[in-house]
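This is target03.cif. It holds mmCIF, C-alpha atoms.
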```cif
data_model
loop_
_atom_site.label_atom_id
_atom_site.label_comp_id
_atom_site.auth_asym_id
_atom_site.auth_seq_id
_atom_site.Cartn_x
_atom_site.Cartn_y
_atom_site.Cartn_z
CA MET I 1 212.87 181.91 223.66
CA ASP I 2 209.91 179.60 223.31
CA LEU I 3 211.03 175.95 223.38
CA SER I 4 208.31 174.79 221.01
CA VAL I 5 209.34 177.41 218.48
CA SER I 6 212.98 176.38 218.68
CA LEU I 7 212.12 172.69 218.27
CA ALA I 8 209.90 173.41 215.30
CA ALA I 9 212.69 175.50 213.79
CA ARG I 10 215.16 172.67 214.38
CA ASP I 11 212.89 170.15 212.72
CA SER I 12 212.33 172.40 209.74
CA SER I 13 216.03 173.05 209.44
CA GLN I 14 216.69 169.33 209.33
CA GLY I 15 214.09 169.00 206.56
CA LEU I 16 211.72 166.82 208.64
CA GLY I 17 208.05 166.99 207.79
CA PRO I 18 205.13 167.22 210.18
CA GLY I 19 204.85 163.41 210.12
CA PHE I 20 208.03 162.98 212.17
CA GLY I 21 208.52 163.25 215.88
CA LEU I 22 211.20 165.04 217.86
CA ASN I 23 213.49 161.99 217.72
CA GLY I 24 213.38 161.98 213.94
CA LEU I 25 211.33 158.82 213.72
CA PRO I 26 208.01 158.75 211.86
CA ARG I 27 205.00 159.34 214.00
CA PRO I 28 202.59 156.39 214.21
CA ALA I 29 199.43 156.76 212.17
CA PRO I 30 196.30 157.51 214.25
CA PRO I 31 194.11 154.43 214.76
CA LYS I 32 191.18 154.15 212.36
CA ALA I 33 187.72 154.51 213.92
CA THR I 34 186.15 151.09 214.14
CA LYS I 35 182.50 150.78 213.20
CA LYS I 36 180.26 149.34 215.90
CA PRO I 37 178.60 146.17 214.71
CA LYS I 38 174.85 146.42 214.32
CA LYS I 39 172.86 144.46 216.83
CA ALA I 40 171.01 141.61 215.23
CA VAL I 41 167.25 141.76 215.72
CA LEU I 42 165.93 138.54 217.18
CA PHE I 43 162.54 137.93 215.64
CA PHE I 44 159.84 135.76 217.21
CA GLU I 45 157.78 133.03 215.67
CA VAL I 46 154.16 132.90 216.83
CA GLU I 47 151.85 129.98 216.33
CA ILE I 48 148.18 130.37 217.15
CA LEU I 49 146.18 127.29 218.09
CA ASP I 50 142.49 126.77 218.65
CA ALA I 51 141.96 126.66 222.42
CA LYS I 52 139.41 123.84 222.14
CA THR I 53 140.75 121.56 219.41
CA ARG I 54 144.47 122.53 219.53
CA GLU I 55 144.33 122.85 215.73
CA LYS I 56 146.95 125.18 214.28
CA LEU I 57 145.16 128.19 212.89
CA CYS I 58 148.02 130.46 211.98
CA PHE I 59 151.83 130.66 211.99
CA LEU I 60 153.43 134.10 212.05
CA ASP I 61 157.09 134.34 211.07
CA LYS I 62 159.50 137.17 211.88
CA VAL I 63 157.34 138.94 214.44
CA GLU I 64 159.15 141.83 216.07
CA PRO I 65 159.79 141.38 219.81
CA GLN I 66 158.15 144.75 220.54
CA ALA I 67 154.92 143.67 218.86
CA THR I 68 151.82 143.98 221.03
CA ILE I 69 148.97 141.52 221.28
CA ALA I 70 146.82 144.04 219.38
CA GLU I 71 149.29 143.93 216.48
CA ILE I 72 149.36 140.13 216.55
CA LYS I 73 145.55 140.13 216.39
CA ASN I 74 145.71 142.33 213.29
CA LEU I 75 148.19 139.91 211.66
CA PHE I 76 145.92 136.99 212.56
CA THR I 77 142.94 138.78 210.98
CA LYS I 78 144.77 138.90 207.63
CA THR I 79 144.65 135.11 207.41
CA HIS I 80 141.21 134.75 209.07
CA PRO I 81 139.13 137.85 208.19
CA GLN I 82 136.01 136.39 209.85
CA TRP I 83 137.68 136.88 213.23
CA TYR I 84 138.25 140.61 213.50
CA PRO I 85 140.41 141.77 216.46
CA ALA I 86 137.47 142.52 218.78
CA ARG I 87 136.29 138.90 218.44
CA GLN I 88 139.66 137.45 219.36
CA SER I 89 140.79 136.27 222.76
CA LEU I 90 144.45 135.26 222.80
CA ARG I 91 145.88 133.56 225.87
CA LEU I 92 148.97 131.68 226.98
CA ASP I 93 146.95 128.76 228.32
CA PRO I 94 143.81 127.30 226.72
CA LYS I 95 141.87 127.88 229.94
CA GLY I 96 143.78 130.95 231.09
CA LYS I 97 142.91 134.62 231.05
CA SER I 98 142.88 136.70 227.89
CA LEU I 99 146.00 138.70 227.22
CA LYS I 100 145.62 142.47 227.12
CA ASP I 101 145.96 144.28 223.81
CA GLU I 102 148.82 146.36 225.21
CA ASP I 103 150.88 143.35 226.36
CA VAL I 104 154.26 143.19 224.57
CA LEU I 105 155.40 139.88 223.10
CA GLN I 106 158.96 139.89 224.45
CA LYS I 107 157.73 140.61 227.97
CA LEU I 108 155.50 137.54 228.04
CA PRO I 109 156.78 134.27 229.57
CA VAL I 110 157.37 132.68 226.15
CA GLY I 111 160.38 131.65 224.08
CA THR I 112 161.31 132.86 220.64
CA THR I 113 158.68 130.45 219.35
CA ALA I 114 155.53 131.51 221.17
CA THR I 115 152.34 129.51 221.30
CA LEU I 116 149.10 131.41 221.80
CA TYR I 117 145.61 129.95 222.13
CA PHE I 118 142.64 131.51 220.39
CA ARG I 119 139.00 131.68 221.47
CA ASP I 120 136.23 133.27 219.47
CA LEU I 121 134.34 135.81 221.59
CA GLY I 122 131.47 135.88 219.14
CA ALA I 123 129.96 138.80 217.28
CA GLN I 124 130.71 142.08 219.02
CA ILE I 125 128.87 145.37 219.45
CA SER I 126 130.16 148.67 220.76
CA TRP I 127 129.50 149.58 224.40
CA VAL I 128 128.07 152.93 223.32
CA THR I 129 125.46 151.20 221.18
CA VAL I 130 124.64 148.80 224.00
CA PHE I 131 124.12 151.56 226.57
CA LEU I 132 122.08 153.72 224.23
CA THR I 133 119.82 150.78 223.47
CA GLU I 134 119.50 149.74 227.11
CA TYR I 135 118.60 153.23 228.34
CA ALA I 136 116.45 154.50 225.47
CA GLY I 137 114.09 151.54 225.88
CA PRO I 138 112.99 152.21 229.50
CA LEU I 139 112.57 155.91 228.75
CA PHE I 140 110.23 155.23 225.84
CA ILE I 141 108.36 152.32 227.47
CA TYR I 142 107.63 154.21 230.70
CA LEU I 143 106.15 157.12 228.76
CA LEU I 144 103.79 154.76 226.93
CA PHE I 145 102.25 153.78 230.25
CA TYR I 146 102.35 157.34 231.61
CA PHE I 147 100.33 158.67 228.66
CA ARG I 148 98.10 155.57 228.82
CA VAL I 149 98.23 154.75 225.15
CA PRO I 150 95.45 152.41 223.90
CA PHE I 151 95.36 148.68 224.67
CA ILE I 152 97.08 149.04 228.07
CA TYR I 153 94.40 149.92 230.63
CA GLY I 154 91.20 149.87 228.62
CA HIS I 155 89.54 152.26 226.17
CA LYS I 156 88.01 154.55 228.76
CA TYR I 157 91.48 155.33 230.12
CA ASP I 158 93.14 155.99 226.75
CA PHE I 159 95.31 159.11 226.93
CA THR I 160 93.94 160.05 230.33
CA SER I 161 96.03 161.46 233.16
CA SER I 162 96.41 160.43 236.78
CA ARG I 163 95.06 162.75 239.45
CA HIS I 164 97.93 161.96 241.85
CA THR I 165 100.90 164.35 241.95
CA VAL I 166 103.32 161.55 242.86
CA VAL I 167 102.58 159.80 239.55
CA HIS I 168 103.69 162.84 237.56
CA LEU I 169 106.69 163.34 239.82
CA ALA I 170 107.69 159.71 239.38
CA CYS I 171 107.55 160.10 235.61
CA ILE I 172 109.81 163.16 235.79
CA CYS I 173 112.33 161.33 238.01
CA HIS I 174 112.35 158.18 235.90
CA SER I 175 112.75 160.13 232.66
CA PHE I 176 115.46 162.32 234.17
CA HIS I 177 117.42 159.25 235.27
CA TYR I 178 117.52 157.67 231.83
CA ILE I 179 118.08 160.92 229.95
CA LYS I 180 121.04 161.49 232.25
CA ARG I 181 122.35 158.02 231.45
CA LEU I 182 122.02 158.59 227.72
CA LEU I 183 123.90 161.89 227.90
CA GLU I 184 126.62 160.38 230.10
CA THR I 185 127.07 157.56 227.58
CA LEU I 186 127.60 160.08 224.79
CA PHE I 187 129.67 162.72 226.56
CA VAL I 188 131.09 161.43 229.85
CA HIS I 189 131.93 157.73 229.92
CA ARG I 190 135.26 156.45 228.60
CA PHE I 191 135.31 152.73 228.01
CA SER I 192 138.39 150.59 228.57
CA HIS I 193 136.93 148.00 226.19
CA GLY I 194 135.39 149.08 222.92
CA THR I 195 132.98 146.20 222.45
CA MET I 196 131.00 143.48 224.19
CA PRO I 197 129.40 140.26 222.89
CA LEU I 198 126.29 140.96 220.83
CA ARG I 199 124.31 138.28 222.70
CA ASN I 200 124.57 140.31 225.93
CA ILE I 201 122.46 143.13 224.56
CA PHE I 202 119.40 140.89 224.47
CA LYS I 203 119.87 139.87 228.11
CA ASN I 204 120.50 143.45 229.25
CA CYS I 205 117.57 144.89 227.34
CA THR I 206 115.25 142.22 228.70
CA TYR I 207 116.26 143.25 232.22
CA TYR I 208 115.96 147.04 231.78
CA TRP I 209 112.98 147.09 229.44
CA GLY I 210 111.05 144.41 231.31
CA PHE I 211 111.40 146.06 234.70
CA ALA I 212 110.55 149.47 233.22
CA ALA I 213 107.28 148.10 231.82
CA TRP I 214 106.45 146.31 235.09
CA MET I 215 107.07 149.40 237.22
CA ALA I 216 105.31 151.75 234.84
CA TYR I 217 102.22 149.54 234.61
CA TYR I 218 101.52 149.76 238.34
CA ILE I 219 102.65 153.34 238.99
CA ASN I 220 100.52 154.72 236.16
CA HIS I 221 97.57 152.37 236.70
CA PRO I 222 94.17 154.10 237.14
CA LEU I 223 93.75 152.28 240.48
CA TYR I 224 97.17 153.29 241.82
CA THR I 225 97.11 154.62 245.40
CA PRO I 226 99.62 157.19 246.72
CA PRO I 227 102.19 156.38 249.46
CA THR I 228 100.95 155.73 252.98
CA TYR I 229 102.49 158.83 254.55
CA GLY I 230 101.52 161.15 251.75
CA ALA I 231 103.43 164.29 250.84
CA GLN I 232 106.02 163.89 253.62
CA GLN I 233 107.06 160.48 252.33
CA VAL I 234 107.21 161.76 248.76
CA LYS I 235 109.32 164.80 249.67
CA LEU I 236 111.80 162.73 251.68
CA ALA I 237 112.12 160.19 248.88
CA LEU I 238 112.52 162.95 246.30
CA ALA I 239 115.37 164.47 248.32
CA ILE I 240 117.11 161.06 248.47
CA PHE I 241 116.65 160.58 244.74
CA VAL I 242 118.00 164.00 243.76
CA ILE I 243 121.01 163.83 246.10
CA CYS I 244 121.95 160.38 244.84
CA GLN I 245 121.55 161.42 241.20
CA LEU I 246 123.89 164.36 241.75
CA GLY I 247 126.33 162.10 243.59
CA ASN I 248 126.27 159.51 240.82
CA PHE I 249 126.99 162.16 238.18
CA SER I 250 129.81 163.63 240.29
CA ILE I 251 131.50 160.23 240.60
CA HIS I 252 131.22 159.62 236.87
CA MET I 253 132.90 162.96 236.18
CA ALA I 254 135.67 162.21 238.68
CA LEU I 255 136.32 158.82 237.09
CA ARG I 256 136.34 160.39 233.64
CA ASP I 257 139.04 162.85 234.67
CA LEU I 258 141.26 159.97 235.81
CA ARG I 259 141.56 158.57 232.30
CA PRO I 260 142.69 160.82 229.42
CA ALA I 261 140.86 160.34 226.14
CA GLY I 262 142.19 157.35 224.20
CA SER I 263 144.10 156.02 227.20
CA LYS I 264 143.69 152.87 229.30
CA THR I 265 145.59 154.30 232.24
CA ARG I 266 144.30 153.16 235.63
CA LYS I 267 144.72 155.28 238.75
CA ILE I 268 143.43 155.18 242.29
CA PRO I 269 140.33 157.42 242.49
CA TYR I 270 140.45 159.96 245.31
CA PRO I 271 137.99 162.58 246.57
CA THR I 272 138.03 165.97 244.87
CA LYS I 273 136.76 169.35 246.04
CA ASN I 274 133.25 168.19 245.12
CA PRO I 275 131.63 166.99 248.40
CA PHE I 276 129.78 164.22 246.57
CA THR I 277 133.12 162.56 245.79
CA TRP I 278 134.09 162.34 249.46
CA LEU I 279 132.40 158.96 249.53
CA PHE I 280 135.62 157.70 247.90
CA LEU I 281 137.07 157.82 251.41
CA LEU I 282 134.91 154.86 252.41
CA VAL I 283 133.99 152.86 249.29
CA SER I 284 135.68 151.85 246.05
CA CYS I 285 132.61 152.25 243.82
CA PRO I 286 130.50 155.15 245.13
CA ASN I 287 128.81 155.45 241.74
CA TYR I 288 127.08 152.15 242.53
CA THR I 289 126.29 153.33 246.05
CA TYR I 290 124.57 156.43 244.70
CA GLU I 291 122.80 154.40 241.99
CA VAL I 292 121.29 152.05 244.55
CA GLY I 293 120.33 155.04 246.72
CA SER I 294 118.48 156.62 243.79
CA TRP I 295 116.32 153.56 243.28
CA ILE I 296 115.67 153.19 247.00
CA GLY I 297 114.42 156.78 246.96
CA PHE I 298 112.25 156.03 243.93
CA ALA I 299 110.84 152.93 245.67
CA ILE I 300 109.96 154.96 248.79
CA MET I 301 108.40 157.68 246.65
CA THR I 302 106.14 155.35 244.66
CA GLN I 303 105.69 152.64 247.33
CA CYS I 304 105.62 150.15 244.48
CA LEU I 305 106.71 146.52 244.87
CA PRO I 306 108.19 146.12 241.34
CA VAL I 307 110.44 149.15 242.02
CA ALA I 308 111.62 147.58 245.28
CA LEU I 309 112.40 144.31 243.48
CA PHE I 310 114.24 146.20 240.73
CA SER I 311 116.30 147.96 243.42
CA LEU I 312 117.13 144.64 245.09
CA VAL I 313 118.19 142.93 241.86
CA GLY I 314 120.22 145.99 240.85
CA PHE I 315 121.90 146.12 244.25
CA THR I 316 122.86 142.44 243.99
CA GLN I 317 124.40 142.88 240.55
CA MET I 318 126.20 146.10 241.43
CA THR I 319 127.60 144.48 244.56
CA ILE I 320 129.15 141.77 242.39
CA TRP I 321 130.66 144.40 240.10
CA ALA I 322 131.90 146.49 243.04
CA LYS I 323 133.58 143.52 244.70
CA GLY I 324 135.33 142.68 241.44
CA LYS I 325 136.62 146.23 241.01
CA HIS I 326 137.65 146.38 244.66
CA ARG I 327 139.72 143.19 244.30
CA SER I 328 141.26 144.58 241.12
CA TYR I 329 142.28 147.80 242.91
CA LEU I 330 143.84 145.87 245.80
CA LYS I 331 145.77 143.64 243.41
CA GLU I 332 147.02 146.46 241.19
CA PHE I 333 147.83 149.15 243.77
CA ARG I 334 149.85 148.27 246.87
CA ASP I 335 149.08 151.63 248.48
CA TYR I 336 145.33 151.33 248.00
CA PRO I 337 143.43 152.88 250.96
CA PRO I 338 142.74 150.05 253.44
CA LEU I 339 139.54 151.53 254.92
CA ARG I 340 137.53 151.34 251.74
CA MET I 341 134.78 148.77 251.22
CA PRO I 342 133.36 147.80 247.79
CA ILE I 343 129.93 149.50 247.93
CA ILE I 344 128.58 150.08 251.48
CA PRO I 345 130.80 151.90 254.02
CA PHE I 346 132.07 149.67 256.85
CA LEU I 347 129.83 146.75 255.80
CA LEU I 348 130.14 145.48 252.25
#
```
Just dump the structure as structure tokens.
Amino acid sequence: MDLSVSLAARDSSQGLGPGFGLNGLPRPAPPKATKKPKKAVLFFEVEILDAKTREKLCFLDKVEPQATIAEIKNLFTKTHPQWYPARQSLRLDPKGKSLKDEDVLQKLPVGTTATLYFRDLGAQISWVTVFLTEYAGPLFIYLLFYFRVPFIYGHKYDFTSSRHTVVHLACICHSFHYIKRLLETLFVHRFSHGTMPLRNIFKNCTYYWGFAAWMAYYINHPLYTPPTYGAQQVKLALAIFVICQLGNFSIHMALRDLRPAGSKTRKIPYPTKNPFTWLFLLVSCPNYTYEVGSWIGFAIMTQCLPVALFSLVGFTQMTIWAKGKHRSYLKEFRDYPPLRMPIIPFLL
């Protein structure tokens, strides 16, 4: 006979209910489930001071600890609409570096009352607009000289054409370069920063437009003389130009694939199956290497001093940019390839 059945029968025969145990004593009531107390959210207070005068510009109460700098900028804009987020530079120290938009408040070295310092970056303009303006200018200006519009070389040369093949070839190469840049700006490049100071566009356009006019004036001049070594020099220079243009485009595509649309993710660039990207094995910024190579080829092709000077100035500026990116890579990635140089393999 089953023991449990017999015990149940005995209990029922004694008139005990299900609330009693085998010894006849009442069973203890099951413990009530205790509700877990809700965690209290610790809000931050953020005061924003002018980095120059230390004047208090804004005080933000009850800011969530997960708030990003971008969100704080938006809150600041509500009290100071003249300083939209792109104009704002918020930093922990008046002379320190700007905080990134994606930085989270609770991860910054601040207390529950955080003090941030504000600097006005000035009126901003989108990078796309800047690049389109910079590159459309040289394309248009060069063609004015190529077609010899009036008031450039004299009336007898108005709308005349050069008899030298290299002049027409130079126009094709120059136009191709800037058309390529315009298309890359629209369809290839992904910018980590949406805007730049408006004042910079005047400086950049002066550089690009001025050099384009200077080069075009001499290359398309009626008294222009072809390169010393003739067709051989032109063909060699053309080969350098075309190879470097293809290499530059290949690097831009490889860099684009590293960053998904709408993301600011940074990764170490590595060579792909495209042979033009193998230069990543030796330099951090091969797009600059190819860019300089293109202009060296153009200078050899035209044998024009203004082109050589433009190449030199461009190389100097791109070297500065390449060194900055190289240092950034080394700082951010511990496993960054040690053999790479900023712009010139094994040298610089």
Please provide as a CSV table (one decimal) with C-alpha atoms, in the frame of the given file all residues within 7 Å of region 252-263 of chain I, with the sequence filter that same-chain residues fewer than 5 positions apart are discarded (counting only C-alpha atoms).
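Printed below is selection_19.csv as written:
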```csv
chain,number,residue,atom,x,y,z
I,188,VAL,CA,131.1,161.4,229.8
I,189,HIS,CA,131.9,157.7,229.9
I,190,ARG,CA,135.3,156.4,228.6
I,269,PRO,CA,140.3,157.4,242.5
I,287,ASN,CA,128.8,155.4,241.7
```
What would the selection look like, as a compact mmCIF listing (two decimals) with C-alpha atoms, keeping the file's coordinate frame, if the PyMOL selection byres ((chain I and resi 301) around 7) were run on the coordinates I just shared?
```
# COMPACT_ATOMS: atom_id res chain seq x y z
CA PRO I 227 102.19 156.38 249.46
CA GLN I 233 107.06 160.48 252.33
CA VAL I 234 107.21 161.76 248.76
CA ALA I 237 112.12 160.19 248.88
CA LEU I 238 112.52 162.95 246.30
CA GLY I 297 114.42 156.78 246.96
CA PHE I 298 112.25 156.03 243.93
CA ALA I 299 110.84 152.93 245.67
CA ILE I 300 109.96 154.96 248.79
CA THR I 302 106.14 155.35 244.66
CA GLN I 303 105.69 152.64 247.33
```
From I:Gly293, I:Tyr329, I:Gly137, I:Arg87, residue lying nearest Asn204 (chain I) [all atoms listed in the file]: I:Gly137
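Ranking I:Leu116, I:Cys285, I:Leu339, I:Ala136 by their shortest atom-to-atom distance to Glu55 (chain I), with all atoms listed in the file included, puts I:Leu116 first.
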Chain and number of each residue from the PyMOL selection byres ((chain I and resi 99) around 12), as a PyMOL selection string: chain I and resi 68-70+72-73+88-98+100-105+107-109+116-119
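Nearest residue to Thr228 (chain I), choosing from I:Ile172, I:Val166, I:Ile343, I:Ile152 and counting all atoms listed in the file: I:Val166.
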Nearby residues (all atoms listed in the file) at most 12 Å from Cys173 (chain I), same-chain spacing under 2 positions excluded, as an MDAnalysis selection string: chainID I and resid 139 142:143 166:171 175:180 234 237:242 244:245 294:295 297:299 301:302
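Atom pair CA of Thr133 (chain I) / CA of His193 (chain I): separated by 17.5 Å.
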Among listed residues I:Phe187, I:Tyr229, I:Tyr135, I:Phe280, nearest Thr206 (chain I) (using all atoms listed in the file): I:Tyr135
Spatial neighbours of Leu330 (chain I), 12 Å, only C-alpha atoms, chain gap at least 2 places, as a list of chain:residue names: I:Lys267, I:Ile268, I:Ser284, I:Lys323, I:Gly324, I:Lys325, I:His326, I:Arg327, I:Ser328, I:Glu332, I:Phe333, I:Arg334, I:Asp335, I:Tyr336, I:Pro337, I:Pro338, I:Leu339, I:Arg340, I:Met341, I:Pro342
Explicit residues for the PyMOL selection byres ((chain I and resi 130) around 12) (as a PyMOL selection string): chain I and resi 124-129+131-137+182+185-186+194-205+208
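The space separating CA of Tyr224 (chain I) from CA of Phe159 (chain I) comes to 16.1 Å.
Computed from the coordinates, the CA of Thr272 (chain I) to CA of Ser311 (chain I) distance equals 28.3 Å.
Nearest to Cys58 (chain I) of all the residues I:Lys78, I:Trp278, I:His221, I:Phe44 is I:Lys78, based on only C-alpha atoms.
Distance check against Ser192 (chain I) using only C-alpha atoms: of I:Leu348, I:Arg266, I:Ala308, I:Gly111, the minimum falls on I:Arg266.
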Could you pull region 192-203 of chain I out of the block above and give me N, CA, C and O atoms, as a PDB file, in the first residue's frame?
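Everything below was put into part.pdb:
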```pdb
ATOM      1  N   SER I 192      33.576  62.341 -41.121  1.00  0.00           N
ATOM      2  CA  SER I 192      33.391  62.140 -39.686  1.00  0.00           C
ATOM      3  C   SER I 192      32.828  63.397 -39.031  1.00  0.00           C
ATOM      4  O   SER I 192      32.151  63.325 -38.013  1.00  0.00           O
ATOM      5  N   HIS I 193      33.116  64.558 -39.608  1.00  0.00           N
ATOM      6  CA  HIS I 193      32.565  65.821 -39.124  1.00  0.00           C
ATOM      7  C   HIS I 193      31.696  66.415 -40.224  1.00  0.00           C
ATOM      8  O   HIS I 193      32.094  66.462 -41.390  1.00  0.00           O
ATOM      9  N   GLY I 194      30.514  66.883 -39.832  1.00  0.00           N
ATOM     10  CA  GLY I 194      29.579  67.370 -40.834  1.00  0.00           C
ATOM     11  C   GLY I 194      29.896  68.744 -41.364  1.00  0.00           C
ATOM     12  O   GLY I 194      29.534  69.075 -42.490  1.00  0.00           O
ATOM     13  N   THR I 195      30.584  69.569 -40.544  1.00  0.00           N
ATOM     14  CA  THR I 195      30.793  70.956 -40.937  1.00  0.00           C
ATOM     15  C   THR I 195      32.233  71.394 -40.670  1.00  0.00           C
ATOM     16  O   THR I 195      32.997  70.713 -39.989  1.00  0.00           O
ATOM     17  N   MET I 196      32.556  72.558 -41.193  1.00  0.00           N
ATOM     18  CA  MET I 196      33.832  73.212 -40.919  1.00  0.00           C
ATOM     19  C   MET I 196      33.560  74.718 -40.838  1.00  0.00           C
ATOM     20  O   MET I 196      32.528  75.202 -41.320  1.00  0.00           O
ATOM     21  N   PRO I 197      34.463  75.489 -40.219  1.00  0.00           N
ATOM     22  CA  PRO I 197      34.238  76.933 -40.135  1.00  0.00           C
ATOM     23  C   PRO I 197      34.091  77.579 -41.509  1.00  0.00           C
ATOM     24  O   PRO I 197      34.843  77.269 -42.437  1.00  0.00           O
ATOM     25  N   LEU I 198      33.129  78.473 -41.630  1.00  0.00           N
ATOM     26  CA  LEU I 198      32.851  79.123 -42.907  1.00  0.00           C
ATOM     27  C   LEU I 198      34.059  79.897 -43.415  1.00  0.00           C
ATOM     28  O   LEU I 198      34.305  79.953 -44.627  1.00  0.00           O
ATOM     29  N   ARG I 199      34.838  80.491 -42.506  1.00  0.00           N
ATOM     30  CA  ARG I 199      35.990  81.302 -42.926  1.00  0.00           C
ATOM     31  C   ARG I 199      37.019  80.480 -43.695  1.00  0.00           C
ATOM     32  O   ARG I 199      37.777  81.016 -44.506  1.00  0.00           O
ATOM     33  N   ASN I 200      37.071  79.165 -43.456  1.00  0.00           N
ATOM     34  CA  ASN I 200      38.072  78.333 -44.125  1.00  0.00           C
ATOM     35  C   ASN I 200      37.827  78.204 -45.622  1.00  0.00           C
ATOM     36  O   ASN I 200      38.762  77.949 -46.386  1.00  0.00           O
ATOM     37  N   ILE I 201      36.572  78.363 -46.034  1.00  0.00           N
ATOM     38  CA  ILE I 201      36.284  78.171 -47.448  1.00  0.00           C
ATOM     39  C   ILE I 201      36.958  79.250 -48.288  1.00  0.00           C
ATOM     40  O   ILE I 201      37.384  78.992 -49.422  1.00  0.00           O
ATOM     41  N   PHE I 202      37.099  80.439 -47.735  1.00  0.00           N
ATOM     42  CA  PHE I 202      37.750  81.516 -48.484  1.00  0.00           C
ATOM     43  C   PHE I 202      39.245  81.229 -48.643  1.00  0.00           C
ATOM     44  O   PHE I 202      39.821  81.447 -49.713  1.00  0.00           O
ATOM     45  N   LYS I 203      39.866  80.718 -47.597  1.00  0.00           N
ATOM     46  CA  LYS I 203      41.282  80.368 -47.669  1.00  0.00           C
ATOM     47  C   LYS I 203      41.504  79.219 -48.647  1.00  0.00           C
ATOM     48  O   LYS I 203      42.419  79.274 -49.490  1.00  0.00           O
TER      49      LYS I 203
END
```
